[in-house]
$ cat coords34.tsv   # TSV, C-alpha atoms and all ligand atoms
chain	number	residue	atom	x	y	z
A	440	MET	CA	-36.65	36.62	4.78
A	441	LYS	CA	-37.40	38.51	8.00
A	442	ALA	CA	-35.20	38.93	11.06
A	443	LYS	CA	-35.73	39.65	14.72
A	444	ILE	CA	-33.26	40.04	17.53
A	445	TYR	CA	-34.90	38.62	20.62
A	446	ARG	CA	-32.09	39.90	22.74
A	447	GLY	CA	-28.86	41.76	22.15
A	448	THR	CA	-29.71	45.08	20.48
A	449	LYS	CA	-28.70	46.95	23.66
A	450	GLU	CA	-26.98	44.28	25.67
A	451	ILE	CA	-23.97	42.01	25.84
A	452	GLY	CA	-25.46	38.69	26.81
A	453	GLY	CA	-28.46	36.56	25.95
A	454	THR	CA	-27.83	36.86	22.22
A	455	CYS	CA	-30.60	35.34	20.08
A	456	VAL	CA	-31.52	36.14	16.48
A	457	GLU	CA	-34.56	34.75	14.68
A	458	LEU	CA	-34.65	34.44	10.90
A	459	THR	CA	-37.96	33.59	9.23
A	460	ALA	CA	-38.02	32.52	5.60
A	461	ASP	CA	-40.93	33.25	3.25
A	462	ASN	CA	-41.97	29.58	3.51
A	463	GLY	CA	-42.44	30.02	7.26
A	464	LYS	CA	-39.34	28.10	8.37
A	465	ILE	CA	-37.70	29.59	11.45
A	466	LEU	CA	-34.00	29.48	12.27
A	467	TRP	CA	-32.48	30.86	15.44
A	468	VAL	CA	-28.86	31.87	15.59
A	469	ASP	CA	-27.50	31.56	19.14
A	470	LEU	CA	-29.58	31.21	22.27
A	471	GLY	CA	-27.42	32.70	24.97
A	472	ALA	CA	-27.98	33.21	28.65
A	473	PRO	CA	-28.17	36.81	29.90
A	474	LEU	CA	-24.97	37.90	31.66
A	475	ASP	CA	-26.70	40.04	34.29
A	476	ASP	CA	-30.08	40.07	36.02
A	477	LYS	CA	-31.35	43.43	34.67
A	478	ASN	CA	-33.89	41.70	32.44
A	479	PRO	CA	-34.69	38.16	33.61
A	480	ASN	CA	-37.40	37.62	30.94
A	481	ILE	CA	-36.40	34.67	28.75
A	482	ASP	CA	-39.92	33.59	27.72
A	483	TYR	CA	-39.02	33.85	24.01
A	484	ALA	CA	-36.85	30.75	24.49
A	485	ASN	CA	-40.10	28.73	24.52
A	486	ASN	CA	-41.22	30.01	21.10
A	487	LYS	CA	-41.49	27.75	18.10
A	488	LEU	CA	-38.49	27.20	15.81
A	489	ASP	CA	-37.31	24.71	13.20
A	490	ALA	CA	-33.59	24.73	14.00
A	491	LEU	CA	-30.95	26.41	16.11
A	492	LEU	CA	-27.45	27.35	14.99
A	493	ILE	CA	-24.82	28.06	17.67
A	494	SER	CA	-21.80	30.27	16.97
A	495	HIS	CA	-19.54	29.28	19.87
A	496	PRO	CA	-19.42	27.72	23.35
A	497	HIS	CA	-19.71	30.90	25.46
A	498	GLN	CA	-22.67	31.13	27.86
A	499	ASP	CA	-23.96	34.35	26.29
A	500	HIS	CA	-24.39	32.43	22.99
A	501	PHE	CA	-25.44	28.89	23.96
A	502	GLY	CA	-26.56	29.17	27.61
A	503	LEU	CA	-30.30	28.57	26.97
A	504	MET	CA	-29.76	26.06	24.15
A	505	GLU	CA	-31.16	23.09	26.04
A	506	LYS	CA	-34.50	24.89	26.43
A	507	VAL	CA	-35.47	24.07	22.83
A	508	GLY	CA	-35.91	20.42	23.77
A	509	THR	CA	-34.52	17.24	22.28
A	510	ASP	CA	-36.31	17.26	18.90
A	511	VAL	CA	-35.27	20.58	17.37
A	512	PRO	CA	-32.00	20.16	15.45
A	513	ILE	CA	-29.15	22.13	17.01
A	514	TYR	CA	-26.20	22.86	14.71
A	515	ILE	CA	-23.07	23.35	16.75
A	516	GLY	CA	-19.29	23.11	16.25
A	517	GLU	CA	-17.56	19.84	17.09
A	518	VAL	CA	-15.22	21.56	19.53
A	519	ALA	CA	-18.08	23.55	21.06
A	520	PHE	CA	-20.06	20.35	21.64
A	521	ASP	CA	-17.10	18.66	23.33
A	522	PHE	CA	-16.24	21.73	25.41
A	523	ILE	CA	-19.79	22.12	26.73
A	524	ASN	CA	-19.84	18.44	27.66
A	525	ALA	CA	-16.39	18.80	29.28
A	526	THR	CA	-17.77	21.44	31.63
A	527	LYS	CA	-20.74	19.20	32.40
A	528	ILE	CA	-18.45	16.29	33.31
A	529	PHE	CA	-16.60	18.39	35.87
A	530	ILE	CA	-19.64	20.02	37.45
A	531	ASP	CA	-21.64	16.78	37.57
A	532	LEU	CA	-24.37	17.64	35.09
A	533	PRO	CA	-25.85	15.17	32.58
A	534	LEU	CA	-24.22	15.33	29.14
A	535	LEU	CA	-25.96	17.06	26.21
A	536	LYS	CA	-28.89	15.05	24.99
A	537	GLY	CA	-30.83	16.05	21.92
A	538	ASN	CA	-30.78	16.36	18.17
A	539	TYR	CA	-27.26	17.77	17.80
A	540	LYS	CA	-25.64	18.10	14.41
A	541	THR	CA	-21.97	19.01	14.57
A	542	ILE	CA	-20.42	21.39	12.07
A	543	LYS	CA	-16.96	22.58	11.11
A	544	PRO	CA	-15.54	25.88	9.91
A	545	TRP	CA	-15.46	26.57	6.15
A	546	GLN	CA	-18.47	24.36	5.54
A	547	THR	CA	-21.57	24.93	3.44
A	548	PHE	CA	-24.78	23.20	4.47
A	549	THR	CA	-28.54	23.63	4.38
A	550	ILE	CA	-30.83	23.85	7.38
A	551	ALA	CA	-34.54	22.94	7.26
A	552	ASP	CA	-34.32	22.63	3.44
A	553	THR	CA	-34.38	26.41	3.40
A	554	PHE	CA	-31.41	28.22	4.91
A	555	LYS	CA	-28.10	27.88	3.13
A	556	ILE	CA	-25.30	28.35	5.64
A	557	GLN	CA	-21.61	29.09	5.21
A	558	SER	CA	-19.46	28.82	8.35
A	559	PHE	CA	-16.32	30.92	8.88
A	560	LEU	CA	-13.82	30.50	11.70
A	561	THR	CA	-13.25	33.67	13.74
A	562	ASP	CA	-10.41	34.84	15.95
A	563	HIS	CA	-11.94	34.81	19.46
A	564	SER	CA	-11.10	33.78	23.02
A	565	THR	CA	-12.22	30.20	22.48
A	566	PRO	CA	-10.59	27.94	19.90
A	567	GLU	CA	-13.69	27.42	17.75
A	568	SER	CA	-16.00	30.33	17.08
A	569	PHE	CA	-18.00	30.95	13.91
A	570	SER	CA	-19.37	33.72	11.76
A	571	PHE	CA	-22.12	32.65	9.40
A	572	ILE	CA	-23.62	33.68	6.10
A	573	ILE	CA	-27.28	32.69	6.18
A	574	GLU	CA	-29.03	32.78	2.84
A	575	ALA	CA	-32.73	32.36	2.05
A	576	ASP	CA	-35.23	33.89	-0.39
A	577	GLY	CA	-32.36	35.48	-2.34
A	578	LYS	CA	-31.18	37.49	0.72
A	579	ARG	CA	-27.84	37.08	2.49
A	580	VAL	CA	-27.25	37.86	6.15
A	581	PHE	CA	-23.75	37.93	7.62
A	582	TYR	CA	-23.80	37.18	11.35
A	583	SER	CA	-20.38	38.09	12.76
A	584	GLY	CA	-20.59	36.25	16.07
A	585	ASP	CA	-17.82	37.27	18.49
A	586	PHE	CA	-14.49	38.12	16.92
A	587	ARG	CA	-11.29	40.11	17.15
A	588	ALA	CA	-8.31	40.87	14.96
A	589	THR	CA	-5.60	40.65	17.59
A	590	GLY	CA	-5.43	37.02	18.71
A	591	ARG	CA	-3.53	33.96	17.60
A	592	LYS	CA	-5.95	33.35	14.74
A	593	LYS	CA	-5.86	36.90	13.39
A	594	ILE	CA	-5.09	35.43	9.98
A	595	VAL	CA	-8.76	34.49	9.61
A	596	PHE	CA	-9.72	38.14	10.14
A	597	ASP	CA	-7.17	39.29	7.55
A	598	LYS	CA	-8.37	36.65	5.10
A	599	ILE	CA	-11.97	37.77	5.22
A	600	VAL	CA	-11.02	41.45	4.92
A	601	GLU	CA	-8.81	40.68	1.90
A	602	ALA	CA	-11.37	38.48	0.15
A	603	PRO	CA	-14.77	39.32	1.62
A	604	PRO	CA	-17.99	37.56	0.64
A	605	LYS	CA	-20.09	39.48	-1.85
A	606	ASN	CA	-23.70	40.67	-2.00
A	607	ILE	CA	-24.48	40.80	1.70
A	608	ASP	CA	-27.83	42.45	2.45
A	609	LEU	CA	-27.51	42.68	6.21
A	610	LEU	CA	-24.51	42.56	8.53
A	611	LEU	CA	-25.31	41.76	12.16
A	612	ILE	CA	-22.06	42.76	13.82
A	613	GLU	CA	-20.95	42.52	17.43
A	614	GLY	CA	-20.06	45.77	19.19
A	615	THR	CA	-18.72	44.67	22.56
A	616	MET	CA	-15.77	47.06	22.62
A	617	VAL	CA	-17.78	50.24	21.97
A	618	GLU	CA	-16.99	52.31	25.10
A	619	ARG	CA	-14.72	49.58	26.51
A	620	ALA	CA	-10.97	50.08	26.73
A	621	ASN	CA	-8.53	47.31	25.87
A	622	HIS	CA	-5.97	48.58	28.44
A	623	ILE	CA	-2.32	48.51	27.55
A	624	TYR	CA	-2.24	45.01	26.08
A	625	LEU	CA	-3.53	45.28	22.55
A	626	THR	CA	-2.68	41.84	21.22
A	627	GLU	CA	-2.24	38.27	22.44
A	628	GLU	CA	1.48	38.66	21.65
A	629	SER	CA	1.76	41.61	24.03
A	630	VAL	CA	0.05	39.49	26.70
A	631	GLU	CA	2.70	36.80	26.13
A	632	GLU	CA	5.38	39.46	26.57
A	633	GLY	CA	3.76	40.66	29.82
A	634	ILE	CA	3.64	37.13	31.22
A	635	TYR	CA	7.24	36.53	30.14
A	636	ASN	CA	8.41	39.65	32.01
A	637	ILE	CA	6.86	38.36	35.22
A	638	LEU	CA	8.01	34.76	34.85
A	639	LYS	CA	11.63	35.61	34.16
A	640	ASN	CA	11.92	37.49	37.47
A	641	GLN	CA	9.70	35.38	39.69
A	642	LYS	CA	11.03	34.25	43.07
A	643	ASN	CA	8.00	32.17	43.92
A	644	VAL	CA	5.10	30.62	42.08
A	645	SER	CA	2.75	32.59	39.78
A	646	PHE	CA	-0.95	32.01	39.32
A	647	LEU	CA	-2.61	33.10	36.09
A	648	ILE	CA	-6.37	33.49	36.29
A	649	SER	CA	-8.28	33.00	33.07
A	650	SER	CA	-10.97	30.87	31.47
A	651	ALA	CA	-9.77	27.30	30.87
A	652	GLN	CA	-11.33	27.48	27.40
A	653	ASN	CA	-9.18	30.46	26.46
A	654	ILE	CA	-6.59	28.30	24.71
A	655	ASP	CA	-4.96	31.36	23.09
A	656	ARG	CA	-4.10	32.48	26.62
A	657	LEU	CA	-2.70	29.07	27.56
A	658	ILE	CA	-0.53	29.19	24.44
A	659	SER	CA	0.75	32.63	25.52
A	660	ILE	CA	1.76	31.10	28.87
A	661	ILE	CA	3.40	28.09	27.24
A	662	ARG	CA	5.41	30.35	24.95
A	663	ALA	CA	6.51	32.46	27.92
A	664	CYS	CA	7.45	29.22	29.73
A	665	LYS	CA	9.51	28.06	26.75
A	666	LYS	CA	11.56	31.27	26.88
A	667	THR	CA	12.12	31.09	30.64
A	668	GLY	CA	12.45	27.34	31.23
A	669	LYS	CA	9.32	27.35	33.46
A	670	LYS	CA	6.43	24.93	33.51
A	671	VAL	CA	2.72	25.66	33.38
A	672	VAL	CA	0.51	23.57	35.65
A	673	ILE	CA	-2.99	22.95	34.31
A	674	ASP	CA	-5.86	21.23	36.09
A	675	VAL	CA	-7.60	18.02	35.01
A	676	TYR	CA	-10.46	19.94	33.39
A	677	THR	CA	-8.07	21.94	31.20
A	678	ALA	CA	-6.18	18.74	30.34
A	679	TRP	CA	-9.49	17.24	29.18
A	680	LEU	CA	-10.27	20.31	27.03
A	681	LEU	CA	-6.89	19.91	25.34
A	682	GLU	CA	-7.63	16.22	24.82
A	683	MET	CA	-10.92	17.16	23.09
A	684	LEU	CA	-9.27	19.85	21.00
A	685	HIS	CA	-6.58	17.43	19.92
A	686	LYS	CA	-9.24	15.25	18.27
A	687	GLN	CA	-9.85	18.08	15.76
A	688	SER	CA	-6.34	19.44	15.38
A	689	SER	CA	-2.92	17.98	16.12
A	690	ASN	CA	-1.48	21.47	16.26
A	691	VAL	CA	-2.60	22.26	19.83
A	692	PRO	CA	-0.82	21.88	23.17
A	693	THR	CA	-1.26	18.67	25.14
A	694	MET	CA	-0.34	17.69	28.67
A	695	GLU	CA	2.54	15.69	27.15
A	696	TRP	CA	4.38	18.85	26.07
A	697	ASP	CA	7.61	19.54	28.01
A	698	GLU	CA	6.33	22.87	29.38
A	699	VAL	CA	3.05	21.41	30.65
A	700	LYS	CA	2.30	19.57	33.91
A	701	VAL	CA	-1.03	18.54	35.40
A	702	TYR	CA	-2.25	18.97	38.94
A	703	ASN	CA	-4.35	15.88	39.66
A	704	LYS	CA	-6.75	17.61	42.00
A	705	PRO	CA	-8.67	14.86	43.88
A	706	SER	CA	-12.07	16.57	43.47
A	707	GLN	CA	-11.56	16.58	39.68
A	708	MET	CA	-10.11	13.06	39.50
A	709	GLU	CA	-13.34	11.87	41.16
A	710	LYS	CA	-15.28	12.95	38.05
A	711	ILE	CA	-13.33	10.74	35.67
A	712	THR	CA	-13.46	7.36	37.38
A	713	ASP	CA	-15.54	5.84	34.56
A	714	LYS	CA	-13.75	3.24	32.40
A	715	THR	CA	-13.98	5.48	29.33
A	716	PHE	CA	-11.40	7.77	30.98
A	717	ASP	CA	-8.82	4.98	31.67
A	718	GLU	CA	-6.35	6.13	29.05
A	719	PHE	CA	-6.73	9.79	30.02
A	720	ARG	CA	-6.19	8.98	33.71
A	721	ALA	CA	-3.00	7.10	32.88
A	722	LYS	CA	-1.70	10.13	30.94
A	723	ILE	CA	-2.46	12.38	33.91
A	724	LYS	CA	-0.52	10.09	36.20
A	725	THR	CA	2.53	10.27	33.91
A	726	ASN	CA	2.39	14.06	33.56
A	727	SER	CA	1.36	15.02	37.04
A	728	VAL	CA	3.29	17.79	38.83
A	729	GLY	CA	3.51	15.88	42.13
A	730	ALA	CA	5.23	17.67	45.03
A	731	SER	CA	7.92	19.34	42.90
A	732	VAL	CA	6.23	22.73	43.23
A	733	PHE	CA	7.12	22.76	46.94
A	734	GLN	CA	10.82	22.21	46.18
A	735	SER	CA	11.19	24.90	43.51
A	736	PRO	CA	8.03	27.06	43.33
A	737	SER	CA	9.66	29.68	41.09
A	738	ASP	CA	9.76	27.09	38.28
A	739	PHE	CA	5.96	27.07	37.98
A	740	ILE	CA	2.97	29.05	36.80
A	741	TYR	CA	-0.52	27.73	37.59
A	742	PHE	CA	-3.22	28.28	34.96
A	743	VAL	CA	-6.33	28.43	37.13
A	744	ARG	CA	-9.77	29.93	37.59
A	745	ASN	CA	-9.54	30.44	41.32
A	746	PRO	CA	-6.20	29.89	43.13
A	747	SER	CA	-6.44	27.55	46.11
A	748	MET	CA	-5.87	29.46	49.34
A	749	GLN	CA	-4.33	26.32	50.81
A	750	LEU	CA	-1.63	26.27	48.12
A	751	VAL	CA	-1.11	30.03	48.43
A	752	ASN	CA	-0.61	29.64	52.20
A	753	ALA	CA	1.73	26.67	51.81
A	754	LEU	CA	3.96	28.66	49.44
A	755	ARG	CA	4.01	32.07	51.17
A	756	LYS	CA	7.34	31.50	52.88
A	757	HIS	CA	9.19	31.41	49.52
A	758	GLY	CA	8.64	35.12	48.82
A	759	LYS	CA	6.21	37.24	46.82
A	760	ILE	CA	3.63	35.24	44.89
A	761	ASN	CA	2.42	36.64	41.56
A	762	VAL	CA	-1.25	36.64	40.75
A	763	ILE	CA	-1.81	37.54	37.09
A	764	TYR	CA	-5.44	38.41	36.49
A	765	SER	CA	-6.02	37.64	32.83
A	766	GLN	CA	-9.68	38.09	31.99
A	767	TRP	CA	-12.34	40.80	31.97
A	768	GLU	CA	-12.00	43.24	34.93
A	769	GLY	CA	-15.79	43.42	35.21
A	770	TYR	CA	-15.88	39.99	36.90
A	771	LEU	CA	-14.21	41.52	39.95
A	772	LYS	CA	-17.13	43.90	40.46
A	773	GLU	CA	-20.21	43.09	42.50
A	774	GLU	CA	-22.46	43.62	39.49
A	775	TYR	CA	-20.95	40.64	37.62
A	776	GLN	CA	-20.10	38.59	40.73
A	777	GLN	CA	-18.68	35.13	39.92
A	778	TYR	CA	-17.75	32.20	42.16
A	779	PHE	CA	-14.14	33.42	42.22
A	780	THR	CA	-14.75	37.18	42.70
A	781	ASP	CA	-14.36	37.36	46.50
A	782	ASN	CA	-11.31	35.12	46.59
A	783	ILE	CA	-9.50	37.07	43.86
A	784	ASN	CA	-10.36	40.42	45.47
A	785	ALA	CA	-8.94	39.07	48.77
A	786	LEU	CA	-5.72	38.03	46.98
A	787	LYS	CA	-5.53	41.54	45.52
A	788	GLN	CA	-5.33	42.95	49.08
A	789	ASP	CA	-2.86	40.32	50.35
A	790	SER	CA	0.55	41.80	51.22
A	791	ASP	CA	2.40	38.63	50.17
A	792	ILE	CA	1.00	38.92	46.65
A	793	ASP	CA	2.01	40.99	43.64
A	794	PHE	CA	-1.18	41.42	41.67
A	795	HIS	CA	-0.95	42.09	37.92
A	796	SER	CA	-3.66	42.63	35.31
A	797	ILE	CA	-2.53	41.30	31.96
A	798	HIS	CA	-5.33	40.77	29.52
A	799	THR	CA	-6.42	41.50	26.00
A	800	SER	CA	-10.03	41.24	24.95
A	801	GLY	CA	-11.56	38.50	22.81
A	802	HIS	CA	-13.44	41.24	20.94
A	803	ALA	CA	-12.53	43.59	18.12
A	804	VAL	CA	-11.81	47.23	18.95
A	805	VAL	CA	-13.91	49.80	17.08
A	806	PRO	CA	-11.36	50.50	14.28
A	807	ASP	CA	-11.21	46.74	13.57
A	808	LEU	CA	-15.02	46.54	13.56
A	809	MET	CA	-15.06	49.32	10.96
A	810	LYS	CA	-12.37	47.65	8.86
A	811	PHE	CA	-14.43	44.47	8.91
A	812	ALA	CA	-17.74	46.19	8.14
A	813	LYS	CA	-16.16	48.14	5.29
A	814	ALA	CA	-14.88	44.90	3.74
A	815	ILE	CA	-18.21	43.09	4.07
A	816	ASN	CA	-19.84	46.11	2.38
A	817	SER	CA	-23.40	45.07	3.16
A	818	SER	CA	-26.47	47.12	2.29
A	819	LYS	CA	-27.38	47.50	5.98
A	820	ILE	CA	-25.47	47.14	9.22
A	821	THR	CA	-27.12	46.44	12.56
A	822	PRO	CA	-25.08	46.20	15.77
A	823	ILE	CA	-25.76	43.40	18.23
A	824	HIS	CA	-23.97	42.27	21.41
A	825	THR	CA	-23.28	45.86	22.48
A	826	ALA	CA	-24.34	47.93	25.47
A	827	PHE	CA	-24.00	51.16	23.45
A	828	PRO	CA	-25.77	50.93	20.05
A	829	GLU	CA	-26.25	54.73	19.78
A	830	ILE	CA	-22.53	55.35	20.27
A	831	PHE	CA	-21.76	52.55	17.80
A	832	LYS	CA	-23.95	54.34	15.23
A	833	LYS	CA	-22.44	57.75	15.94
A	834	GLN	CA	-18.86	56.49	15.67
A	835	PHE	CA	-19.57	54.59	12.46
A	836	GLU	CA	-21.36	57.58	10.92
A	837	GLU	CA	-18.45	59.85	11.78
A	838	ASN	CA	-16.34	57.44	9.76
A	839	GLY	CA	-18.44	57.56	6.64
A	840	PHE	CA	-20.95	54.74	7.18
A	841	ASN	CA	-24.49	55.81	6.30
A	842	ASN	CA	-26.25	52.46	6.53
A	843	ILE	CA	-26.39	51.77	10.26
A	844	GLN	CA	-29.83	50.64	11.39
A	845	LEU	CA	-30.50	50.30	15.07
A	846	TRP	CA	-33.06	47.65	15.96
A	847	GLU	CA	-35.23	47.01	18.99
A	848	ASP	CA	-35.33	43.69	20.81
A	849	GLY	CA	-38.32	41.56	19.81
A	850	ILE	CA	-39.29	43.56	16.68
A	851	GLU	CA	-39.31	41.85	13.29
A	852	TYR	CA	-37.66	43.56	10.30
A	853	GLN	CA	-37.88	42.74	6.61
A	854	ILE	CA	-34.46	42.10	5.09
B	1	ZN	ZN	-17.69	34.83	23.03
B	2	ZN	ZN	-20.44	36.94	23.35
$ encode --input "coords34.tsv" --output "structure tokens"
Amino acid sequence: MKAKIYRGTKEIGGTCVELTADNGKILWVDLGAPLDDKNPNIDYANNKLDALLISHPHQDHFGLMEKVGTDVPIYIGEVAFDFINATKIFIDLPLLKGNYKTIKPWQTFTIADTFKIQSFLTDHSTPESFSFIIEADGKRVFYSGDFRATGRKKIVFDKIVEAPPKNIDLLLIEGTMVERANHIYLTEESVEEGIYNILKNQKNVSFLISSAQNIDRLISIIRACKKTGKKVVIDVYTAWLLEMLHKQSSNVPTMEWDEVKVYNKPSQMEKITDKTFDEFRAKIKTNSVGASVFQSPSDFIYFVRNPSMQLVNALRKHGKINVIYSQWEGYLKEEYQQYFTDNINALKQDSDIDFHSIHTSGHAVVPDLMKFAKAINSSKITPIHTAFPEIFKKQFEENGFNNIQLWEDGIEYQI
């Protein structure tokens, strides 16, 4: 088997790995969109392949997936498939159409009669994210995908470190956190504590800004709400994500929980007028927040992407409003400009607002990466999904690893 990283040896974003078996079959693992415009060349996405395997529903891993056309089989998690479609529903894009084959964690299956796959669940900032073992021609590659050891699913990290898979020839491991600090919040539990400390003293409403798909973060809010008697207000999109997640696991929050209310934003309700959403719409009606936020704003925390200025203005007179920024700081910089960047930066300057940054990364810090790599004990280790491969290598070598191989984008290596 041979391997090539089309993109990701020196970059976070646009991850795509090609594995070619001796019989000529080609499997790609992830086909992400680049996260910046430094290198807009995505021509490789038109190359020939036999199948695509997606690790999780983050843009930098699936963003170019639809470029492979509707014939090539795309193996993707059930939750990932539903989450990607959920986003499409609310931004008015056609639903996924193609040869999708949904997979689950802890499964073994074969792709293109050649690649034997084992899927592992990882602890990451989306509820379903996979690592894979990909085996062909007697060689075994472990693709870590994105992972951490500090979230609400840290047990899956511990499990793999305690009982690691054997005989791995190559570990392709993410290195996001090389040269990135995790601030003062090291775990999802400490984030919960930080949110709790704000909620218990709030005199007015709080807004928490994070990705709707970061369900670990929503759970942290719900737990803080439980302890303080507050309610979290989610939007219709988030309510739909929970609905999708609930199909796979009954152990996840729903809009029917006591601590959860839904804001039935008209522009979102417009997207779910189809008959298939009848039951969901009825549930929203029952659990909607209504006007109660205007009577007692300090009882509420809004889980949002971009707080509505109209709501902020309407609630100013009740005292200081908290804005809790709870995702990567980089999005507030011009370089990684998002649709919410200007609005959030304006809120940061607003004298009626107390701005807090409370976040922990979805990615493993370097000591956890080393712990993981040590357990996997593969013949070779190649970092991917990192902006600093040289520093990755140096730090690993200082800690006794002598099998780090840095690769170049677009070059094929024999495994
Ligand atoms: Zn990710
Ligand atoms: Zn990623």
$ closest_residue --input "coords34.tsv" --among "A:Arg587, A:Lys527, A:Lys464, A:Lys540" --to "ligand ZN 2 (chain B)" --atoms "only C-alpha atoms and all ligand atoms"
A:Arg587
$ residues_near_point --input "coords34.tsv" --point "(-14.0, 36.4, 19.7)" --cutoff "10 Å" --atoms "only C-alpha atoms" --output "list in words"
His495, His497, Leu560, Thr561, Asp562, His563, Ser564, Thr565, Pro566, Glu567, Ser568, Phe569, Ser570, Ser583, Gly584, Asp585, Phe586, Arg587, Ala588, Thr589, Gly590, Lys592, Glu613, Thr615, Ser800, Gly801, His802 and Ala803 of chain A
$ atom_distance --input "coords34.tsv" --atom1 "CA of Asp717 in chain A" --atom2 "CA of Ser650 in chain A"
26.0 Å
$ residues_near_ligand --input "coords34.tsv" --ligand "ligand ZN 2 (chain B)" --cutoff "7 Å" --atoms "all atoms listed in the file" --output "list in words"
Ile451, Gly452, His497, Asp499, His500, Asp585 and His824 of chain A
$ residues_around --input "coords34.tsv" --residues "Phe646 in chain A" --least-positions-apart "3" --cutoff "10 Å" --atoms "all atoms listed in the file" --output "ChimeraX atom specification"
/A:649,671-672,739-747,751,760-765,794
$ atom_distance --input "coords34.tsv" --atom1 "CA of Leu491 in chain A" --atom2 "CA of Ile515 in chain A"
8.5 Å
$ closest_residue --input "coords34.tsv" --among "A:Asn462, A:Ser659, A:Thr509, A:Asn653" --to "ligand ZN 1 (chain B)" --atoms "all atoms listed in the file"
A:Asn653
$ residues_around --input "coords34.tsv" --residues "Ile530 in chain A" --least-positions-apart "4" --cutoff "9 Å" --atoms "all atoms listed in the file" --output "ChimeraX atom specification"
/A:525-526,710
$ residues_around --input "coords34.tsv" --residues "Val600 in chain A" --least-positions-apart "5" --cutoff "12 Å" --atoms "all atoms listed in the file" --output "list of chain:residue names"
A:Thr561, A:Ala588, A:Lys593, A:Ile594, A:Val595, A:Lys605, A:Asp807, A:Leu808, A:Met809, A:Lys810, A:Phe811, A:Ala812, A:Lys813, A:Ala814, A:Ile815, A:Asn816
$ atom_distance --input "coords34.tsv" --atom1 "CA of Glu836 in chain A" --atom2 "CA of Pro604 in chain A"
22.8 Å
$ closest_residue --input "coords34.tsv" --among "A:Leu474, A:Ala575, A:Ser494, A:Asn486" --to "ligand ZN 1 (chain B)" --atoms "all atoms listed in the file"
A:Ser494
$ closest_residue --input "coords34.tsv" --among "A:Ala490, A:Ile612, A:Val630, A:Leu657" --to "Ser817 in chain A" --atoms "all atoms listed in the file"
A:Ile612
$ closest_residue --input "coords34.tsv" --among "A:Asn485, A:His757, A:Thr799, A:Leu845" --to "Glu632 in chain A" --atoms "all atoms listed in the file"
A:Thr799
$ residues_around --input "coords34.tsv" --residues "Asp521 in chain A" --least-positions-apart "3" --cutoff "9 Å" --atoms "all atoms listed in the file" --output "list in words"
Gly516, Glu517, Val518, Asn524, Ala525, Thr526, Leu680, Met683 and Leu684 of chain A
$ axis_aligned_box --input "coords34.tsv" --around "range 592-597 of chain A" --padding-each-side "6 Å" --output "JSON"
{"center_x": -7.4, "center_y": 36.3, "center_z": 11.1, "size_x": 16.6, "size_y": 17.9, "size_z": 19.2}
